[in-house]
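Heads up, run_26.cif below (mmCIF, C-alpha atoms and all ligand atoms):
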```cif
data_start
loop_
_atom_site.label_atom_id
_atom_site.label_comp_id
_atom_site.auth_asym_id
_atom_site.auth_seq_id
_atom_site.Cartn_x
_atom_site.Cartn_y
_atom_site.Cartn_z
CA MET A 1 18.16 7.72 35.73
CA SER A 2 19.95 8.71 38.93
CA ARG A 3 23.29 8.90 37.05
CA ILE A 4 22.57 12.40 35.71
CA HIS A 5 24.91 15.03 37.16
CA PRO A 6 22.83 17.60 39.11
CA ASN A 7 24.51 20.58 37.36
CA ARG A 8 24.09 19.31 33.82
CA SER A 9 20.96 19.35 31.62
CA PRO A 10 19.82 15.81 30.87
CA HIS A 11 20.15 14.81 27.22
CA LEU A 12 17.14 13.28 25.46
CA VAL A 13 18.01 11.66 22.14
CA LEU A 14 15.22 10.88 19.69
CA ILE A 15 15.92 8.24 17.03
CA GLY A 16 13.72 8.49 13.92
CA GLY A 17 11.41 11.27 12.82
CA GLY A 18 8.32 9.07 12.77
CA HIS A 19 4.79 10.26 13.46
CA SER A 20 5.03 10.34 17.29
CA HIS A 21 8.34 12.18 17.27
CA ALA A 22 7.05 14.73 14.75
CA ILE A 23 4.12 15.51 17.09
CA ALA A 24 6.36 15.54 20.18
CA LEU A 25 8.83 17.91 18.44
CA LYS A 26 5.98 20.21 17.46
CA LEU A 27 4.87 20.30 21.12
CA LEU A 28 8.46 20.86 22.26
CA ALA A 29 8.60 23.82 19.86
CA THR A 30 5.45 25.42 21.25
CA HIS A 31 5.90 24.31 24.89
CA PRO A 32 9.66 23.93 25.52
CA ILE A 33 10.83 21.86 28.46
CA PRO A 34 13.41 23.88 30.44
CA ASN A 35 16.89 22.41 30.99
CA LEU A 36 16.46 19.51 28.61
CA ARG A 37 19.04 19.03 25.87
CA LEU A 38 17.55 17.50 22.71
CA THR A 39 18.99 15.66 19.71
CA LEU A 40 17.13 14.10 16.78
CA ILE A 41 18.91 11.37 14.80
CA SER A 42 17.20 10.66 11.48
CA ASP A 43 18.29 8.80 8.37
CA VAL A 44 16.16 11.18 6.26
CA THR A 45 15.59 14.92 6.21
CA HIS A 46 11.99 14.51 4.99
CA THR A 47 9.76 11.88 6.60
CA PRO A 48 6.59 10.74 4.81
CA TYR A 49 3.15 11.05 6.37
CA SER A 50 1.60 7.60 5.88
CA GLY A 51 -1.98 8.88 5.53
CA MET A 52 -1.09 10.79 2.34
CA LEU A 53 1.51 8.45 0.85
CA PRO A 54 -0.99 6.53 -1.34
CA GLY A 55 -2.45 9.86 -2.56
CA TYR A 56 1.09 10.99 -3.43
CA ILE A 57 1.56 7.80 -5.47
CA ALA A 58 -1.76 8.43 -7.23
CA GLY A 59 -0.48 11.89 -8.17
CA PHE A 60 -2.93 13.90 -6.02
CA TYR A 61 -0.32 15.48 -3.75
CA SER A 62 3.17 16.95 -4.11
CA TYR A 63 6.26 15.71 -2.27
CA GLU A 64 6.19 18.78 0.02
CA GLU A 65 2.52 18.24 0.89
CA THR A 66 3.17 14.66 2.03
CA HIS A 67 6.54 14.94 3.78
CA ILE A 68 7.56 16.58 7.05
CA ASP A 69 10.78 18.60 6.76
CA LEU A 70 12.62 17.48 9.90
CA PRO A 71 15.65 19.84 10.26
CA PRO A 72 13.52 23.03 10.62
CA LEU A 73 11.12 21.20 12.94
CA ALA A 74 14.07 20.08 15.09
CA GLU A 75 15.43 23.62 15.11
CA LEU A 76 12.09 25.04 16.27
CA ALA A 77 12.06 22.45 19.06
CA GLY A 78 15.60 23.41 20.08
CA ALA A 79 16.97 20.01 19.04
CA GLU A 80 20.25 19.31 17.29
CA PHE A 81 19.56 17.44 14.03
CA ILE A 82 21.92 14.61 13.13
CA HIS A 83 21.44 13.15 9.65
CA ASP A 84 22.55 9.57 10.25
CA ARG A 85 21.19 6.06 10.71
CA ALA A 86 21.19 4.42 14.14
CA VAL A 87 22.53 0.88 13.84
CA GLY A 88 22.91 -0.17 17.47
CA LEU A 89 22.63 0.74 21.14
CA ASP A 90 25.16 0.42 23.92
CA LEU A 91 22.80 0.29 26.88
CA GLU A 92 25.62 -0.01 29.44
CA ARG A 93 27.30 3.20 28.29
CA LYS A 94 23.98 4.78 27.20
CA CYS A 95 25.14 5.52 23.66
CA VAL A 96 23.52 5.31 20.23
CA ILE A 97 25.78 3.72 17.62
CA CYS A 98 25.35 5.31 14.19
CA ASP A 99 26.47 4.51 10.66
CA GLU A 100 28.81 7.50 10.41
CA SER A 101 28.86 9.67 13.56
CA SER A 102 30.78 8.72 16.68
CA PRO A 103 28.62 7.17 19.42
CA ILE A 104 26.00 9.63 20.69
CA PRO A 105 25.58 9.59 24.47
CA PHE A 106 22.17 10.06 26.07
CA ASP A 107 20.47 10.15 29.44
CA TYR A 108 17.07 9.32 27.99
CA LEU A 109 16.26 7.87 24.62
CA SER A 110 13.11 7.72 22.54
CA ILE A 111 12.80 5.41 19.53
CA ASP A 112 10.25 5.96 16.72
CA ILE A 113 11.82 4.34 13.67
CA GLY A 114 8.79 2.57 12.17
CA SER A 115 9.02 -0.89 10.63
CA THR A 116 9.84 -2.51 7.29
CA PRO A 117 8.11 -5.43 5.53
CA ALA A 118 9.77 -8.75 6.47
CA ARG A 119 11.70 -10.08 3.46
CA ASN A 120 14.11 -12.56 5.05
CA THR A 121 11.76 -15.55 5.07
CA VAL A 122 11.29 -15.83 1.29
CA PRO A 123 14.34 -16.70 -0.85
CA GLY A 124 15.04 -13.99 -3.43
CA ALA A 125 12.75 -11.40 -1.81
CA ALA A 126 15.62 -9.32 -0.38
CA GLU A 127 17.46 -9.32 -3.75
CA TYR A 128 14.65 -8.95 -6.26
CA THR A 129 11.83 -6.97 -4.63
CA THR A 130 11.35 -3.38 -3.51
CA PRO A 131 9.90 -3.02 -0.01
CA ILE A 132 7.40 -0.19 0.54
CA LYS A 133 9.66 0.91 3.40
CA PRO A 134 12.11 2.60 3.70
CA VAL A 135 9.85 4.93 1.70
CA PRO A 136 12.65 6.95 -0.02
CA GLU A 137 14.06 3.78 -1.65
CA PHE A 138 10.56 2.75 -2.73
CA LEU A 139 9.87 6.19 -4.21
CA GLN A 140 13.09 6.04 -6.25
CA VAL A 141 11.89 2.84 -7.96
CA TRP A 142 8.38 4.20 -8.31
CA GLN A 143 9.64 7.34 -10.05
CA GLN A 144 11.63 5.16 -12.47
CA ILE A 145 8.44 3.25 -13.31
CA GLU A 146 6.44 6.46 -13.80
CA ALA A 147 9.16 7.80 -16.13
CA THR A 148 9.29 4.55 -18.13
CA VAL A 149 5.52 4.58 -18.73
CA THR A 150 5.59 8.27 -19.67
CA GLN A 151 8.48 7.79 -22.12
CA HIS A 152 7.28 4.45 -23.61
CA PRO A 153 3.48 4.39 -23.32
CA ASP A 154 3.22 1.92 -26.20
CA SER A 155 5.14 -0.73 -24.21
CA PRO A 156 3.11 -2.97 -21.89
CA LEU A 157 4.27 -3.30 -18.30
CA THR A 158 3.72 -6.05 -15.73
CA LEU A 159 4.02 -5.23 -12.01
CA ALA A 160 3.41 -7.30 -8.89
CA ILE A 161 2.54 -6.41 -5.32
CA VAL A 162 2.99 -8.99 -2.59
CA GLY A 163 0.76 -8.43 0.45
CA GLY A 164 -2.98 -7.81 0.48
CA GLY A 165 -3.30 -5.96 3.79
CA ALA A 166 -4.41 -2.32 3.93
CA GLY A 167 -0.99 -1.04 2.78
CA GLY A 168 -0.69 -3.45 -0.18
CA VAL A 169 -4.24 -2.91 -1.39
CA GLU A 170 -4.03 0.88 -1.11
CA LEU A 171 -0.71 0.79 -2.93
CA ALA A 172 -2.19 -1.42 -5.69
CA LEU A 173 -5.18 0.89 -6.22
CA ASN A 174 -3.08 4.03 -6.39
CA VAL A 175 -0.26 2.59 -8.53
CA GLN A 176 -2.88 1.29 -10.94
CA ALA A 177 -4.81 4.60 -11.06
CA ASN A 178 -1.65 6.60 -11.78
CA LEU A 179 -0.23 4.31 -14.49
CA GLN A 180 -3.55 3.68 -16.24
CA ARG A 181 -4.07 7.47 -16.41
CA ARG A 182 -0.60 7.87 -17.95
CA TYR A 183 -1.31 5.25 -20.63
CA GLN A 184 -4.66 6.82 -21.47
CA ALA A 185 -3.22 10.35 -21.59
CA ALA A 186 -0.78 9.08 -24.25
CA GLY A 187 -3.65 7.60 -26.29
CA GLN A 188 -2.76 4.03 -25.29
CA PRO A 189 -5.08 1.41 -23.74
CA LYS A 190 -4.98 1.17 -19.96
CA GLU A 191 -4.68 -2.59 -20.45
CA ASN A 192 -1.01 -1.94 -21.21
CA LEU A 193 -0.62 -2.29 -17.45
CA THR A 194 -0.90 -5.75 -15.92
CA LEU A 195 -0.95 -5.62 -12.13
CA HIS A 196 -0.79 -8.78 -10.00
CA LEU A 197 -1.66 -8.69 -6.31
CA PHE A 198 -0.69 -11.71 -4.19
CA HIS A 199 -2.23 -12.40 -0.80
CA ARG A 200 -1.79 -15.50 1.32
CA ASP A 201 -5.26 -15.32 2.94
CA GLU A 202 -8.52 -16.11 1.21
CA ARG A 203 -9.67 -12.49 1.46
CA LEU A 204 -7.94 -9.11 1.24
CA LEU A 205 -7.54 -6.99 4.40
CA SER A 206 -8.36 -9.94 6.63
CA GLY A 207 -8.25 -7.65 9.69
CA HIS A 208 -11.24 -5.66 8.37
CA ASN A 209 -14.88 -6.63 7.88
CA ALA A 210 -15.99 -8.84 4.99
CA TRP A 211 -17.83 -6.04 3.12
CA VAL A 212 -14.66 -3.91 2.97
CA SER A 213 -12.60 -6.90 1.76
CA ARG A 214 -15.09 -7.82 -0.96
CA ARG A 215 -15.57 -4.23 -2.07
CA LEU A 216 -11.84 -3.60 -2.49
CA GLU A 217 -11.36 -6.90 -4.30
CA LYS A 218 -14.19 -6.01 -6.71
CA ILE A 219 -12.75 -2.54 -7.41
CA LEU A 220 -9.33 -4.00 -8.15
CA ARG A 221 -10.71 -6.73 -10.42
CA ASP A 222 -13.10 -4.34 -12.21
CA ARG A 223 -10.12 -2.11 -13.01
CA GLY A 224 -8.23 -5.05 -14.45
CA ALA A 225 -5.92 -6.14 -11.61
CA ILE A 226 -5.25 -9.86 -11.25
CA VAL A 227 -5.87 -10.73 -7.61
CA HIS A 228 -4.30 -13.99 -6.40
CA LEU A 229 -5.96 -14.98 -3.12
CA GLY A 230 -4.75 -17.90 -0.99
CA GLU A 231 -1.38 -17.73 -2.75
CA ASN A 232 1.76 -17.79 -0.64
CA VAL A 233 4.84 -16.54 -2.49
CA LYS A 234 7.63 -19.00 -1.69
CA GLU A 235 10.43 -17.75 -3.96
CA VAL A 236 11.33 -14.70 -6.02
CA LEU A 237 13.54 -14.84 -9.11
CA PRO A 238 14.82 -11.75 -10.95
CA ASP A 239 11.73 -11.60 -13.19
CA CYS A 240 9.34 -14.14 -11.70
CA LEU A 241 7.36 -15.00 -8.56
CA ILE A 242 6.77 -18.61 -7.52
CA CYS A 243 3.93 -19.56 -5.16
CA GLU A 244 3.56 -22.63 -2.94
CA SER A 245 0.70 -23.80 -5.19
CA GLY A 246 3.10 -23.95 -8.15
CA LEU A 247 1.75 -20.74 -9.72
CA LYS A 248 4.51 -18.81 -11.53
CA VAL A 249 4.03 -15.20 -12.63
CA LYS A 250 6.49 -13.27 -14.80
CA CYS A 251 7.14 -9.57 -14.15
CA ASP A 252 9.04 -6.83 -15.94
CA ARG A 253 12.19 -5.43 -14.47
CA VAL A 254 11.96 -1.67 -14.28
CA GLY A 255 14.07 -1.01 -11.22
CA THR A 256 12.64 -3.85 -9.19
CA SER A 257 9.01 -3.94 -10.15
CA ILE A 258 7.88 -6.40 -7.49
CA PHE A 259 6.68 -4.45 -4.47
CA TRP A 260 6.85 -6.11 -1.07
CA VAL A 261 4.18 -4.99 1.41
CA THR A 262 3.99 -7.93 3.80
CA GLN A 263 3.97 -8.16 7.60
CA ALA A 264 5.92 -5.47 9.48
CA SER A 265 9.29 -6.40 10.98
CA ALA A 266 11.82 -4.70 13.27
CA PRO A 267 15.53 -4.21 12.52
CA PRO A 268 17.65 -6.91 14.23
CA TRP A 269 19.80 -4.37 16.15
CA ILE A 270 16.86 -3.61 18.43
CA ALA A 271 16.73 -7.11 19.95
CA ALA A 272 20.53 -7.43 19.74
CA SER A 273 20.90 -4.35 21.98
CA GLY A 274 19.37 -6.24 24.90
CA LEU A 275 16.05 -4.37 24.99
CA ALA A 276 13.08 -6.59 25.88
CA THR A 277 11.11 -7.31 22.72
CA ASP A 278 8.02 -9.22 21.68
CA GLU A 279 8.38 -12.43 19.63
CA ARG A 280 8.70 -10.39 16.41
CA GLY A 281 11.53 -8.19 17.70
CA PHE A 282 9.47 -5.05 18.49
CA ILE A 283 10.31 -3.13 21.69
CA LEU A 284 7.98 -4.10 24.53
CA ILE A 285 6.70 -0.99 26.28
CA SER A 286 4.53 -0.35 29.30
CA GLU A 287 1.52 1.97 29.52
CA THR A 288 3.89 4.90 30.16
CA LEU A 289 5.53 4.22 26.74
CA GLN A 290 8.78 3.16 28.48
CA SER A 291 10.72 0.01 27.64
CA VAL A 292 9.69 -2.68 30.12
CA SER A 293 13.38 -3.64 30.55
CA HIS A 294 15.05 -0.21 30.31
CA PRO A 295 12.73 2.55 31.61
CA PHE A 296 15.14 5.31 30.52
CA ILE A 297 14.11 4.40 26.96
CA PHE A 298 10.78 5.35 25.41
CA ALA A 299 9.48 3.76 22.21
CA THR A 300 6.43 4.56 20.10
CA GLY A 301 4.84 3.82 16.72
CA ASP A 302 5.36 0.63 14.75
CA ILE A 303 8.65 -0.24 16.49
CA ALA A 304 6.90 -0.53 19.86
CA THR A 305 4.41 -3.09 21.13
CA MET A 306 2.36 -2.07 24.15
CA ARG A 307 2.59 -5.10 26.43
CA GLU A 308 -0.82 -4.46 27.99
CA HIS A 309 -2.53 -3.13 24.83
CA PRO A 310 -1.11 -4.62 21.61
CA ARG A 311 -2.55 -2.93 18.51
CA PRO A 312 -2.07 -3.25 14.72
CA LYS A 313 0.97 -1.47 13.26
CA ALA A 314 -0.82 1.61 11.90
CA GLY A 315 0.13 5.27 11.65
CA VAL A 316 -2.97 6.31 13.57
CA PHE A 317 -1.53 4.74 16.76
CA ALA A 318 1.88 6.34 16.19
CA VAL A 319 0.23 9.75 15.80
CA ARG A 320 -1.85 9.32 18.97
CA GLN A 321 1.22 8.39 21.04
CA GLY A 322 2.95 11.71 20.23
CA LYS A 323 1.22 13.80 22.88
CA PRO A 324 1.48 11.27 25.75
CA LEU A 325 5.16 10.84 24.86
CA TYR A 326 5.72 14.60 25.14
CA LYS A 327 3.77 14.77 28.42
CA ASN A 328 5.78 11.96 29.99
CA VAL A 329 9.09 13.49 28.91
CA GLN A 330 7.88 16.75 30.48
CA ARG A 331 6.94 14.95 33.71
CA LEU A 332 10.19 13.02 33.76
CA ALA A 333 12.15 16.27 33.47
CA ALA A 334 10.07 17.74 36.33
CA GLY A 335 10.67 14.66 38.51
CA LYS A 336 6.96 13.73 38.47
CA SER A 337 5.50 10.25 38.11
CA LEU A 338 4.61 9.29 34.53
CA LEU A 339 1.07 9.01 33.18
CA LYS A 340 -0.44 5.87 31.73
CA TYR A 341 -1.71 5.89 28.18
CA VAL A 342 -4.32 3.45 26.87
CA PRO A 343 -4.73 3.42 23.08
CA GLN A 344 -8.20 3.23 21.55
CA ARG A 345 -9.35 -0.29 20.75
CA ASN A 346 -11.07 0.43 17.43
CA TYR A 347 -10.08 2.93 14.81
CA LEU A 348 -11.69 4.27 11.68
CA ALA A 349 -9.69 3.30 8.59
CA LEU A 350 -10.19 5.49 5.51
CA ILE A 351 -8.79 3.73 2.46
CA GLY A 352 -8.31 5.83 -0.67
CA THR A 353 -9.29 4.00 -3.86
CA GLY A 354 -7.10 6.05 -6.24
CA ASP A 355 -10.01 7.92 -7.87
CA LYS A 356 -10.69 10.53 -5.17
CA SER A 357 -13.13 8.20 -3.46
CA ALA A 358 -12.51 6.33 -0.20
CA ILE A 359 -13.80 3.37 1.76
CA ALA A 360 -14.44 3.71 5.48
CA SER A 361 -13.96 0.65 7.68
CA TRP A 362 -15.18 0.77 11.25
CA GLY A 363 -15.72 -2.53 13.09
CA ARG A 364 -18.42 -4.36 11.15
CA LEU A 365 -19.42 -1.28 9.15
CA GLY A 366 -18.17 -0.25 5.73
CA TRP A 367 -19.06 2.55 3.33
CA GLN A 368 -17.68 3.99 0.09
CA SER A 369 -18.13 7.56 -1.15
CA PRO A 370 -16.24 10.46 -2.76
CA LEU A 371 -17.41 12.41 0.32
CA LEU A 372 -15.23 10.15 2.46
CA TRP A 373 -12.25 11.04 0.28
CA ARG A 374 -12.95 14.73 0.79
CA TRP A 375 -13.20 14.17 4.54
CA LYS A 376 -9.95 12.13 4.60
CA ASP A 377 -8.24 14.77 2.46
CA ALA A 378 -9.33 17.51 4.91
CA ILE A 379 -8.12 15.51 7.94
CA ASP A 380 -4.76 14.74 6.32
CA ARG A 381 -4.18 18.29 5.11
CA LYS A 382 -5.03 19.63 8.59
CA PHE A 383 -2.53 17.19 10.11
CA MET A 384 0.22 18.33 7.76
CA GLN A 385 -0.67 22.02 8.09
CA GLN A 386 0.78 22.10 11.62
CA PHE A 387 4.21 21.23 10.19
CA HIS A 388 4.03 23.82 7.45
CA GLU A 389 3.36 26.82 9.69
CA GLU A 390 6.12 28.49 11.69
C1 LIG B 1 1.17 2.04 1.47
C2 LIG B 1 0.89 2.22 2.93
C3 LIG B 1 -0.16 3.01 3.32
C4 LIG B 1 -0.44 3.19 4.67
N1 LIG B 1 -1.51 3.96 4.98
C5 LIG B 1 -1.84 4.12 6.28
C6 LIG B 1 -2.96 4.89 6.64
O1 LIG B 1 -3.68 5.43 5.78
N2 LIG B 1 -3.26 5.01 7.96
C7 LIG B 1 -2.49 4.42 8.93
O2 LIG B 1 -2.81 4.56 10.12
N3 LIG B 1 -1.41 3.69 8.63
C8 LIG B 1 -1.05 3.51 7.33
N4 LIG B 1 0.04 2.76 7.01
C9 LIG B 1 0.90 2.24 8.10
C10 LIG B 1 1.88 3.36 8.50
O3 LIG B 1 2.71 3.65 7.40
C11 LIG B 1 2.77 3.02 9.69
O4 LIG B 1 2.04 2.40 10.70
C12 LIG B 1 3.36 4.33 10.24
O5 LIG B 1 4.16 4.97 9.26
C13 LIG B 1 4.21 4.08 11.46
O6 LIG B 1 4.66 5.31 11.95
P1 LIG B 1 5.98 5.38 12.80
O7 LIG B 1 6.00 6.70 13.46
O8 LIG B 1 6.09 4.18 13.66
O9 LIG B 1 7.18 5.25 11.76
P2 LIG B 1 7.46 5.87 10.33
O10 LIG B 1 6.38 6.75 9.87
O11 LIG B 1 7.84 4.72 9.46
O12 LIG B 1 8.73 6.79 10.58
C14 LIG B 1 9.95 6.26 11.00
C15 LIG B 1 11.04 7.27 10.69
O13 LIG B 1 12.26 6.82 11.26
C16 LIG B 1 13.31 6.86 10.28
N5 LIG B 1 14.23 5.77 10.60
C17 LIG B 1 14.04 4.45 10.40
N6 LIG B 1 15.08 3.75 10.84
C18 LIG B 1 15.98 4.65 11.32
C19 LIG B 1 17.26 4.52 11.92
N7 LIG B 1 17.83 3.32 12.11
N8 LIG B 1 17.92 5.64 12.30
C20 LIG B 1 17.36 6.87 12.12
N9 LIG B 1 16.12 7.04 11.57
C21 LIG B 1 15.44 5.94 11.19
C22 LIG B 1 12.57 6.67 8.96
O14 LIG B 1 13.31 7.18 7.86
C23 LIG B 1 11.30 7.46 9.21
O15 LIG B 1 11.51 8.83 8.95
C24 LIG B 1 0.36 2.56 5.66
C25 LIG B 1 1.43 1.79 5.29
C26 LIG B 1 1.69 1.59 3.94
C27 LIG B 1 2.82 0.69 3.56
#
```
Could the structure of this file be written out as structure tokens, please?
Amino acid sequence: MSRIHPNRSPHLVLIGGGHSHAIALKLLATHPIPNLRLTLISDVTHTPYSGMLPGYIAGFYSYEETHIDLPPLAELAGAEFIHDRAVGLDLERKCVICDESSPIPFDYLSIDIGSTPARNTVPGAAEYTTPIKPVPEFLQVWQQIEATVTQHPDSPLTLAIVGGGAGGVELALNVQANLQRRYQAAGQPKENLTLHLFHRDERLLSGHNAWVSRRLEKILRDRGAIVHLGENVKEVLPDCLICESGLKVKCDRVGTSIFWVTQASAPPWIAASGLATDERGFILISETLQSVSHPFIFATGDIATMREHPRPKAGVFAVRQGKPLYKNVQRLAAGKSLLKYVPQRNYLALIGTGDKSAIASWGRLGWQSPLLWRWKDAIDRKFMQQFHEE
């Protein structure tokens, strides 16, 4: 940190327009930090808001309503926007290595690039499945599937989702709701869709209470999904999934109609850069959101693991880290000591069921109601509103 020339503004580079960076940029726009040069490197111009992504898949929201337009946000914050993908870090020379641009030097760095479902442990998964993240690639396949059902509603379709955590279950419910509606609108039976959901544990959403798990399983089964519990997918073929139990399930190939929504993983270049990571390759950070090995680097959201306060990889934590990140950058620029941030231990999960109803999960409590959907919808719209106003 002492290497900064006294007559030059320090350069803060942000990699990824994830939830924390979106909030921090918004704060930088309204409360600029004097003498700080800013750059945002993002591999997309529009970043999805995770809370509304399932509702977008169900068809309740438009693309604009569910995505944050990063270049104008960066401009408002006084940041240069670089549309590129970071692929490495040179920590000695303090440079970000990108796919296309020449190395981008920084004084301070902040990383909020999210995570992707791990696909390297199951043969065939990387070749024959579509991961839910990166979201733009997933949406491309999803739009192909929507178009196929709209154009050929008399043809049955078989899809599979691997992963029965909150993301996989919410995806299943919303994919099913959308496609069944399309079949019915064309005068075809909703049974034209066969949807398989594979989960290695004996109950869905094992991190939530038993009522929530059972309720979601019942909704899926009642709507005709085939839920395979205690089934570990061990191999994927172009049109077939094979489980450790010997179960084989055939799927159609529209794009790649097997969706992969398993445990979050970090890109290998993070650990390869020399940053201290946890055992899964996520950046280990302290309570000040700084890397424990390289304090000139901040990290937030899914890509970071708080050493003292590990939490599930959920958007709610990424959102909450946005303000403390901004505050600590502000304090760093002013030469003040950084503040500690302790994330909440419990959080309220609101899981949309694809029919404008939602299930709330809070500790041992669970509840389902259309009122919860309206509440979730209001919270999510309010969150996005701040990025739609100048
Ligand atoms: C179907 C589904 C539903 C979910 N619903 C919820 C929910 O309701 N509530 C909740 O709390 N969580 C939910 N989650 C989890 C949530 O999506 C993540 O925890 C959250 O998105 C993490 O936010 P983030 O800021 O870490 O990263 P992200 O939101 O993933 O953003 C990362 C950004 O960085 C960009 N990026 C990635 N790599 C690079 C790179 N190398 N160079 C430049 N840019 C890069 C990406 O394009 C993206 O714009 C859901 C997940 C799924 C799969």
Next on the checklist: Please list as number ranges by chain every residue within 6 Å of Val162 (chain A), counting only C-alpha atoms and excluding residues in the same chain fewer than 6 positions away.
Outcome noted: A: 197-198, 260-261
Item to check | All residues 8 Å or closer to region 234-245 of chain A, only C-alpha atoms, same chain fewer than 4 positions away omitted, as a PyMOL selection string | outcome: chain A and resi 122-125+128-129+249-253
With 4 Å on each side, where is the centre of the axis-aligned box around all listed atoms of ligand LIG 1 (chain B), and how long are its edges in Å to one decimal, as JSON?
```
{"center_x": 7.1, "center_y": 4.8, "center_z": 7.6, "size_x": 29.6, "size_y": 16.1, "size_z": 20.2}
```
Item to check | Contacts with ligand LIG 1 (chain B) at most 6 Å, only C-alpha atoms and all ligand atoms counted, listed as a ChimeraX atom specification | outcome: /A:15-20,41-44,47,50-51,54,85-87,112-115,132,167,170-171,301-303,313-316,318
Checklist entry - Which neighbours of Glu80 (chain A) fall inside 8 Å, counting all atoms listed in the file, when residues of the same chain fewer than 3 positions from it are skipped, and could you give them as a ChimeraX atom specification? => result /A:38-40,74-75
Item to check | Selected residue of minimal separation from Ile161 (chain A) among A:Pro131, A:Pro189, A:Gly230, A:Gly352, counting all atoms listed in the file | outcome: A:Pro131
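Across the model, the gap from CA of Gln385 (chain A) to CA of Ala29 (chain A) is 15.1 Å.
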Next on the checklist: Report, in Å to a single decimal, how far apart CA of Ala272 (chain A) and CA of Arg331 (chain A) are.
Outcome noted: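 For CA of Arg331 (chain A) relative to CA of Ala272 (chain A), the distance reads 29.7 Å.
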Item to check | Best match for closeness to Ser9 (chain A) among A:Tyr108, A:Phe317, A:Phe60, A:Phe298, counting all atoms listed in the file | outcome: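 Counting all atoms listed in the file, the residue closest to Ser9 (chain A) is A:Tyr108.
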